[in-house]
>>> print(open('start01.txt').read())   # compact mmCIF, C-alpha atoms
# COMPACT_ATOMS: atom_id res chain seq x y z
CA MET A 880 6.08 4.97 26.94
CA PRO A 881 5.21 5.42 23.25
CA GLU A 882 7.73 3.99 20.80
CA PHE A 883 7.75 7.31 18.93
CA GLN A 884 7.32 10.77 20.38
CA GLN A 885 6.20 12.26 17.07
CA VAL A 886 5.06 10.56 13.87
CA ALA A 887 4.44 12.68 10.79
CA ILE A 888 2.08 11.37 8.10
CA VAL A 889 2.11 12.76 4.58
CA GLY A 890 -1.31 12.15 3.04
CA VAL A 891 -3.97 11.52 5.70
CA GLY A 892 -6.36 9.46 3.59
CA LEU A 893 -7.53 5.90 4.14
CA ILE A 894 -4.05 4.46 4.76
CA GLY A 895 -2.47 7.49 6.42
CA GLY A 896 -5.55 8.06 8.56
CA SER A 897 -5.63 4.42 9.63
CA ILE A 898 -1.94 4.59 10.56
CA GLY A 899 -2.65 7.62 12.73
CA LEU A 900 -5.71 6.09 14.37
CA ALA A 901 -3.88 2.85 15.13
CA ALA A 902 -0.72 4.58 16.37
CA LEU A 903 -2.68 6.76 18.78
CA LYS A 904 -5.09 4.04 19.93
CA ARG A 905 -2.24 1.62 20.59
CA LYS A 906 -0.10 4.37 22.17
CA VAL A 907 2.66 3.77 19.63
CA ALA A 908 3.03 7.53 19.12
CA ALA A 909 2.60 10.42 21.55
CA GLN A 910 1.79 12.81 18.71
CA VAL A 911 0.74 12.31 15.11
CA ILE A 912 1.15 15.27 12.77
CA GLY A 913 -0.81 15.16 9.52
CA ILE A 914 0.64 16.85 6.44
CA GLY A 915 -1.60 17.65 3.50
CA ARG A 916 -2.74 20.27 1.01
CA SER A 917 -6.27 20.82 2.33
CA GLU A 918 -6.83 22.46 5.70
CA GLU A 919 -10.42 21.25 5.60
CA LYS A 920 -9.42 17.60 5.13
CA LEU A 921 -6.77 17.88 7.85
CA ALA A 922 -9.32 19.39 10.23
CA ARG A 923 -11.67 16.48 9.49
CA ALA A 924 -8.88 13.97 10.13
CA LYS A 925 -8.20 15.65 13.47
CA ARG A 926 -11.89 15.53 14.46
CA ILE A 927 -11.98 11.82 13.63
CA GLY A 928 -8.88 11.22 15.76
CA CYS A 929 -6.45 10.24 12.99
CA ILE A 930 -3.99 13.00 13.95
CA THR A 931 -3.31 15.25 16.89
CA GLU A 932 -2.43 18.22 14.66
CA GLY A 933 -2.53 19.01 10.96
CA THR A 934 -0.54 21.38 8.76
CA THR A 935 -0.13 22.33 5.11
CA ASP A 936 3.48 23.36 5.87
CA TRP A 937 5.45 20.13 5.42
CA GLN A 938 8.65 21.60 6.88
CA ALA A 939 6.80 22.45 10.09
CA GLY A 940 5.11 19.05 10.01
CA ILE A 941 8.31 17.02 10.01
CA ARG A 942 10.11 19.23 12.52
CA GLY A 943 10.78 17.07 15.55
CA ALA A 944 9.43 13.88 13.95
CA ASP A 945 11.33 10.68 14.67
CA LEU A 946 9.27 8.76 12.09
CA VAL A 947 7.78 10.04 8.82
CA CYS A 948 5.24 7.93 6.90
CA ILE A 949 4.64 8.97 3.29
CA CYS A 950 1.21 7.82 2.15
CA SER A 951 1.05 9.68 -1.15
CA PRO A 952 0.57 8.13 -4.62
CA VAL A 953 3.64 6.15 -5.73
CA GLU A 954 4.86 8.61 -8.36
CA SER A 955 5.31 11.35 -5.75
CA ILE A 956 7.05 9.35 -3.02
CA VAL A 957 10.60 9.89 -4.32
CA SER A 958 10.17 13.65 -4.55
CA TRP A 959 8.70 13.78 -1.04
CA VAL A 960 11.67 11.92 0.42
CA GLU A 961 14.25 13.95 -1.51
CA LYS A 962 12.90 17.31 -0.39
CA MET A 963 12.29 16.22 3.19
CA VAL A 964 15.63 14.58 3.99
CA PRO A 965 17.64 17.83 4.31
CA PHE A 966 15.14 19.18 6.86
CA CYS A 967 14.80 16.10 9.06
CA GLN A 968 16.38 15.98 12.49
CA PRO A 969 19.25 13.51 12.95
CA GLY A 970 18.03 9.97 13.47
CA THR A 971 14.72 10.41 11.63
CA VAL A 972 13.42 7.30 9.87
CA ILE A 973 11.29 7.73 6.74
CA THR A 974 9.07 5.00 5.38
CA ASP A 975 6.21 4.87 2.89
CA ALA A 976 3.09 2.87 2.06
CA GLY A 977 3.54 2.66 -1.71
CA SER A 978 2.25 -0.33 -3.66
CA THR A 979 5.42 -0.59 -5.78
CA LYS A 980 8.92 -0.52 -4.42
CA GLN A 981 11.79 -1.23 -6.84
CA THR A 982 11.80 2.11 -8.69
CA ILE A 983 11.37 4.05 -5.45
CA VAL A 984 14.17 2.29 -3.56
CA GLU A 985 16.61 2.27 -6.47
CA THR A 986 16.03 5.94 -7.29
CA LEU A 987 16.49 7.03 -3.68
CA HIS A 988 19.65 4.93 -3.41
CA LEU A 989 21.17 7.08 -6.17
CA SER A 990 19.72 10.38 -4.97
CA GLU A 991 22.36 12.94 -3.99
CA SER A 992 20.13 14.61 -1.40
CA VAL A 993 19.46 11.28 0.32
CA ARG A 994 23.05 10.06 0.12
CA GLY A 995 24.19 13.36 1.61
CA ARG A 996 22.49 12.63 4.94
CA LYS A 997 24.00 9.66 6.74
CA ASP A 998 21.85 10.30 9.82
CA VAL A 999 18.42 10.12 8.12
CA TYR A 1000 17.17 6.73 6.94
CA PHE A 1001 14.65 5.63 4.31
CA VAL A 1002 13.17 2.13 4.52
CA GLY A 1003 10.40 1.19 2.09
CA SER A 1004 7.27 -0.62 3.23
CA HIS A 1005 3.87 -1.65 1.89
CA PRO A 1006 0.92 -2.61 4.10
CA MET A 1007 -1.19 -5.20 2.27
CA ALA A 1008 -4.41 -3.64 3.46
CA GLY A 1009 -6.82 -1.16 2.00
CA SER A 1010 -10.23 -0.60 0.50
CA ASP A 1011 -11.91 0.71 -2.62
CA LYS A 1012 -13.01 3.64 -0.41
CA THR A 1013 -10.79 6.65 0.21
CA GLY A 1014 -10.38 9.48 2.71
CA SER A 1015 -9.77 9.69 6.44
CA GLU A 1016 -13.51 9.29 7.04
CA ASN A 1017 -13.07 5.64 6.02
CA ALA A 1018 -9.97 5.06 8.15
CA THR A 1019 -10.07 2.38 10.85
CA ALA A 1020 -7.70 1.64 13.70
CA ASP A 1021 -7.76 -2.09 12.92
CA LEU A 1022 -7.03 -1.84 9.18
CA PHE A 1023 -3.63 -3.48 9.61
CA GLN A 1024 -4.70 -6.02 12.21
CA LYS A 1025 -3.55 -9.50 11.11
CA ARG A 1026 -2.57 -8.12 7.69
CA VAL A 1027 0.84 -8.49 6.12
CA THR A 1028 3.11 -5.48 5.77
CA ILE A 1029 6.11 -5.97 3.49
CA VAL A 1030 9.29 -4.13 4.44
CA THR A 1031 11.70 -3.69 1.53
CA PRO A 1032 15.17 -2.52 2.56
CA ALA A 1033 18.03 -2.05 0.14
CA PRO A 1034 21.22 -4.07 0.78
CA GLU A 1035 22.88 -0.95 2.23
CA SER A 1036 19.95 0.02 4.49
CA ASP A 1037 20.72 0.71 8.13
CA ARG A 1038 19.60 -2.41 9.98
CA THR A 1039 18.54 -0.49 13.09
CA ALA A 1040 16.23 1.64 10.94
CA VAL A 1041 14.89 -1.48 9.20
CA ALA A 1042 14.13 -3.04 12.58
CA LYS A 1043 12.45 0.16 13.76
CA VAL A 1044 10.14 0.24 10.72
CA GLY A 1045 9.30 -3.44 11.17
CA GLU A 1046 8.47 -2.93 14.85
CA PHE A 1047 6.30 0.05 13.99
CA TRP A 1048 4.11 -2.01 11.67
CA LYS A 1049 4.00 -4.89 14.15
CA SER A 1050 2.82 -2.48 16.82
CA LEU A 1051 -0.10 -1.54 14.53
CA GLY A 1052 -1.13 -5.20 14.37
CA SER A 1053 0.63 -6.27 11.16
CA HIS A 1054 2.53 -9.44 10.42
CA VAL A 1055 5.78 -8.14 8.93
CA VAL A 1056 7.57 -9.82 6.02
CA GLU A 1057 10.91 -8.59 4.72
CA MET A 1058 11.89 -8.99 1.06
CA SER A 1059 13.85 -7.19 -1.63
CA PRO A 1060 12.13 -4.43 -3.62
CA HIS A 1061 12.38 -6.58 -6.77
CA GLN A 1062 10.80 -9.61 -5.09
CA HIS A 1063 8.08 -7.39 -3.65
CA ASP A 1064 7.08 -6.00 -7.05
CA LEU A 1065 7.18 -9.44 -8.65
CA SER A 1066 4.99 -10.91 -5.90
CA VAL A 1067 2.34 -8.19 -5.62
CA ALA A 1068 1.92 -8.14 -9.40
CA SER A 1069 0.17 -11.50 -8.96
CA THR A 1070 -1.47 -11.03 -5.56
CA SER A 1071 -2.66 -7.42 -5.86
CA HIS A 1072 -2.18 -5.76 -9.23
CA LEU A 1073 -3.46 -8.56 -11.46
CA PRO A 1074 -6.64 -9.04 -9.38
CA HIS A 1075 -7.40 -5.34 -9.73
CA VAL A 1076 -6.96 -5.46 -13.51
CA ILE A 1077 -9.16 -8.56 -13.82
CA ALA A 1078 -11.87 -7.08 -11.58
CA SER A 1079 -11.85 -3.86 -13.59
CA LEU A 1080 -12.03 -5.65 -16.94
CA LEU A 1081 -14.82 -7.89 -15.68
CA ALA A 1082 -16.79 -4.81 -14.62
CA ALA A 1083 -16.03 -3.09 -17.93
CA SER A 1084 -17.11 -6.14 -19.95
CA THR A 1085 -20.57 -6.22 -18.40
CA PRO A 1086 -23.06 -4.37 -20.63
CA GLU A 1087 -24.56 -1.40 -18.83
CA SER A 1088 -28.04 -2.65 -19.74
CA LEU A 1089 -27.38 -5.79 -17.67
CA LEU A 1090 -26.08 -4.05 -14.54
CA PRO A 1091 -29.54 -4.14 -12.87
CA LEU A 1092 -29.29 -7.94 -13.05
CA THR A 1093 -25.97 -8.17 -11.19
CA SER A 1094 -25.97 -9.80 -7.77
CA SER A 1095 -23.62 -10.24 -4.82
CA GLY A 1096 -21.25 -12.46 -6.79
CA TRP A 1097 -20.64 -9.74 -9.38
CA ALA A 1098 -20.36 -7.11 -6.64
CA ASP A 1099 -17.88 -9.13 -4.57
CA THR A 1100 -15.72 -10.00 -7.57
CA THR A 1101 -15.57 -6.46 -8.92
CA ARG A 1102 -15.39 -4.54 -5.61
CA VAL A 1103 -11.80 -3.36 -6.07
CA ALA A 1104 -12.66 -1.97 -9.52
CA ALA A 1105 -14.20 0.97 -7.65
CA GLY A 1106 -10.68 2.09 -6.62
CA ASP A 1107 -9.23 5.41 -7.76
CA VAL A 1108 -8.18 5.11 -11.41
CA GLU A 1109 -5.33 7.64 -11.21
CA LEU A 1110 -3.88 5.83 -8.21
CA TRP A 1111 -3.96 2.56 -10.15
CA ARG A 1112 -2.50 4.17 -13.27
CA GLN A 1113 0.58 5.03 -11.22
CA ILE A 1114 0.79 1.57 -9.67
CA LEU A 1115 0.45 -0.32 -12.96
CA THR A 1116 2.87 1.89 -14.91
CA THR A 1117 5.56 1.66 -12.22
CA ASN A 1118 5.24 -2.14 -12.16
CA ARG A 1119 4.50 -2.64 -15.85
CA GLY A 1120 6.92 -5.50 -16.55
CA HIS A 1121 5.84 -7.68 -13.66
CA VAL A 1122 2.15 -7.00 -14.30
CA LEU A 1123 2.59 -8.06 -17.94
CA GLN A 1124 4.25 -11.27 -16.74
CA ALA A 1125 1.36 -11.95 -14.36
CA LEU A 1126 -1.12 -11.25 -17.16
CA GLY A 1127 0.71 -13.72 -19.39
CA ASN A 1128 0.43 -16.45 -16.76
CA PHE A 1129 -3.27 -15.71 -16.31
CA GLU A 1130 -3.89 -15.73 -20.07
CA LYS A 1131 -2.39 -19.23 -20.31
CA LEU A 1132 -4.69 -20.48 -17.56
CA LEU A 1133 -7.70 -18.78 -19.16
CA ALA A 1134 -6.83 -20.33 -22.52
CA ALA A 1135 -6.57 -23.77 -20.92
CA PHE A 1136 -9.97 -23.30 -19.27
CA ARG A 1137 -11.59 -22.16 -22.51
CA SER A 1138 -10.05 -24.99 -24.52
CA SER A 1139 -11.18 -27.70 -22.12
CA LEU A 1140 -14.68 -26.19 -21.87
CA GLU A 1141 -15.01 -26.01 -25.66
CA SER A 1142 -13.77 -29.55 -26.24
CA GLY A 1143 -15.89 -31.10 -23.52
CA ARG A 1144 -12.90 -32.15 -21.39
CA ASP A 1145 -14.89 -31.26 -18.33
CA GLU A 1146 -12.53 -32.90 -15.85
CA GLN A 1147 -9.77 -30.42 -16.82
CA TRP A 1148 -11.69 -27.20 -16.27
CA ILE A 1149 -13.29 -28.66 -13.14
CA LYS A 1150 -9.77 -29.19 -11.75
CA LEU A 1151 -9.06 -25.51 -12.33
CA LEU A 1152 -12.18 -24.55 -10.38
CA GLU A 1153 -11.12 -26.93 -7.60
CA GLN A 1154 -7.66 -25.39 -7.51
CA GLY A 1155 -9.21 -21.92 -7.27
CA LYS A 1156 -11.48 -23.01 -4.43
CA HIS A 1157 -8.53 -24.64 -2.63
CA HIS A 1158 -6.44 -21.46 -2.75
CA ARG A 1159 -9.39 -19.31 -1.69
CA ASP A 1160 -10.16 -21.63 1.23
CA ILE A 1161 -6.53 -21.38 2.41
CA VAL A 1162 -6.76 -17.59 2.60
CA GLY A 1163 -10.20 -17.68 4.22
CA SER A 1164 -12.00 -14.47 5.10
>>> encode(input="start01.txt", output="structure tokens")
Amino acid sequence: MPEFQQVAIVGVGLIGGSIGLAALKRKVAAQVIGIGRSEEKLARAKRIGCITEGTTDWQAGIRGADLVCICSPVESIVSWVEKMVPFCQPGTVITDAGSTKQTIVETLHLSESVRGRKDVYFVGSHPMAGSDKTGSENATADLFQKRVTIVTPAPESDRTAVAKVGEFWKSLGSHVVEMSPHQHDLSVASTSHLPHVIASLLAASTPESLLPLTSSGWADTTRVAAGDVELWRQILTTNRGHVLQALGNFEKLLAAFRSSLESGRDEQWIKLLEQGKHHRDIVGS
């Protein structure tokens, strides 16, 4: 039997579409209802197999859902949860796929509409998987396979709901890690947000006249710079403090590299390259 009779997904793009594909392929959900603003995009997601039905009426979409996954940009997640909670059936669990967590979790903890329903549960989560491409047409059922998903409960979160969200991601192929929203934002500032900034600045610093001379190394290093700018504006502004801290740490390392290269202390900057290779080899492909 499927773990969930009905999963509702808000935002059936790359992440939401991949959740739907994986949940249906792995028989985690009997039905997957897609919620969006474009009937055309929802119809395409249904043809691809990401959802069983689509609707632009979010109240109809969450009716009967035992799990709701919000895959919208981070600045809209709180408002989605707040307006949905009063209309959810008792026992509904709501989670999200946002790339930042502390502001979302803390705001919802203080929200009157959320606090007013003791039988509807929000548990934050963040699958560490994605692509510079967007849309359900780029969704894949194995996007979360062997990838980490971070679950970020608040201290007062219902532990049964937390376990249910963790099991959901595991059933999609993820390795689940639980941490506080603060620790999540601090960690991904270095592992996700800083790399995007560096890739984007590297791409921006390359003169347009030299772009025909770029090769696979440039393309591989700057791939994530092709991501949606508005999406990343929201991520970086909602995690500004931790990103600035990560940038400061990187600037110190860059300064050390430059200094040793300028002064001819080759063994020092070579050690930095070796450390980078070591870390990259640990992660592998």
>>> residues_around(input="start01.txt", residues="Ile894 of chain A", least_positions_apart="4", cutoff="8 Å", atoms="all atoms listed in the file", output="list in words")
Ile898, Cys950, Ala976, Gly1009, Ser1015 and Ala1018 of chain A
>>> residues_around(input="start01.txt", residues="segment 1031-1036 of chain A", least_positions_apart="2", cutoff="9 Å", atoms="only C-alpha atoms", output="list in words")
Lys980, Gln981, Val984, Glu985, His988, Tyr1000, Phe1001, Val1002, Gly1003, Ser1004, His1005, Ile1029, Arg1038, Thr1039, Ala1040, Val1041, Val1056, Glu1057, Met1058, Ser1059, Pro1060, His1061, Gln1062 and His1063 of chain A
>>> write_last_selection(input="start01.txt", atoms="C-alpha atoms", output="short mmCIF file (atom, residue, chain, number, x, y, z; two decimals), in the coordinates of the input")
data_model
loop_
_atom_site.label_atom_id
_atom_site.label_comp_id
_atom_site.auth_asym_id
_atom_site.auth_seq_id
_atom_site.Cartn_x
_atom_site.Cartn_y
_atom_site.Cartn_z
CA LYS A 980 8.92 -0.52 -4.42
CA GLN A 981 11.79 -1.23 -6.84
CA VAL A 984 14.17 2.29 -3.56
CA GLU A 985 16.61 2.27 -6.47
CA HIS A 988 19.65 4.93 -3.41
CA TYR A 1000 17.17 6.73 6.94
CA PHE A 1001 14.65 5.63 4.31
CA VAL A 1002 13.17 2.13 4.52
CA GLY A 1003 10.40 1.19 2.09
CA SER A 1004 7.27 -0.62 3.23
CA HIS A 1005 3.87 -1.65 1.89
CA ILE A 1029 6.11 -5.97 3.49
CA ARG A 1038 19.60 -2.41 9.98
CA THR A 1039 18.54 -0.49 13.09
CA ALA A 1040 16.23 1.64 10.94
CA VAL A 1041 14.89 -1.48 9.20
CA VAL A 1056 7.57 -9.82 6.02
CA GLU A 1057 10.91 -8.59 4.72
CA MET A 1058 11.89 -8.99 1.06
CA SER A 1059 13.85 -7.19 -1.63
CA PRO A 1060 12.13 -4.43 -3.62
CA HIS A 1061 12.38 -6.58 -6.77
CA GLN A 1062 10.80 -9.61 -5.09
CA HIS A 1063 8.08 -7.39 -3.65
#
>>> closest_residue(input="start01.txt", among="A:Val1027, A:Ala887, A:Ala1125, A:Ala909", to="Ser1069 of chain A", atoms="all atoms listed in the file")
A:Ala1125
>>> residues_near_point(input="start01.txt", point="(9.2, 11.5, -8.3)", cutoff="12 Å", atoms="all atoms listed in the file", output="NGL selection string")
:A and (951-962 or 982-987 or 990 or 1113 or 1117)
>>> residues_around(input="start01.txt", residues="Thr1101 of chain A", least_positions_apart="2", cutoff="7 Å", atoms="all atoms listed in the file", output="number ranges by chain")
A: 1078-1079, 1081-1082, 1097-1099, 1103-1104
>>> residues_near_point(input="start01.txt", point="(13.7, 8.4, 8.9)", cutoff="7 Å", atoms="all atoms listed in the file", output="JSON, numbers by chain")
{"A": [945, 946, 947, 970, 971, 972, 973, 974, 999, 1000, 1001]}
>>> closest_residue(input="start01.txt", among="A:Ser1010, A:Gln884, A:Gln1124, A:Thr1070", to="Gly943 of chain A", atoms="all atoms listed in the file")
A:Gln884
>>> atom_distance(input="start01.txt", atom1="atom CA of Leu921 of chain A", atom2="atom CA of Ile941 of chain A")
15.3 Å
>>> closest_residue(input="start01.txt", among="A:Leu1133, A:Val891, A:Ile1149, A:Val1122", to="Ser1066 of chain A", atoms="only C-alpha atoms")
A:Val1122
>>> closest_residue(input="start01.txt", among="A:Glu882, A:Glu991, A:Asp1011, A:Glu919", to="Ala1105 of chain A", atoms="all atoms listed in the file")
A:Asp1011
>>> residues_around(input="start01.txt", residues="Asn1017 of chain A", least_positions_apart="5", cutoff="9 Å", atoms="only C-alpha atoms", output="ChimeraX atom specification")
/A:892-893,896-897,1010,1012
>>> residues_around(input="start01.txt", residues="Leu903 of chain A", least_positions_apart="4", cutoff="10 Å", atoms="all atoms listed in the file", output="list of chain:residue names")
A:Pro881, A:Val886, A:Ser897, A:Ile898, A:Gly899, A:Val907, A:Ala908, A:Ala909, A:Gln910, A:Val911, A:Gly928, A:Cys929, A:Ile930, A:Thr931, A:Ala1020, A:Leu1051
>>> atom_distance(input="start01.txt", atom1="atom CA of Lys920 of chain A", atom2="atom CA of Ala901 of chain A")
18.7 Å
>>> atom_distance(input="start01.txt", atom1="atom CA of Leu1073 of chain A", atom2="atom CA of Ile888 of chain A")
28.5 Å
>>> axis_aligned_box(input="start01.txt", around="segment 920-928 of chain A", padding_each_side="6 Å", output="lines of an AutoDock Vina configuration file")
center_x = -9.4
center_y = 15.3
center_z = 10.4
size_x = 17.2
size_y = 20.2
size_z = 22.6
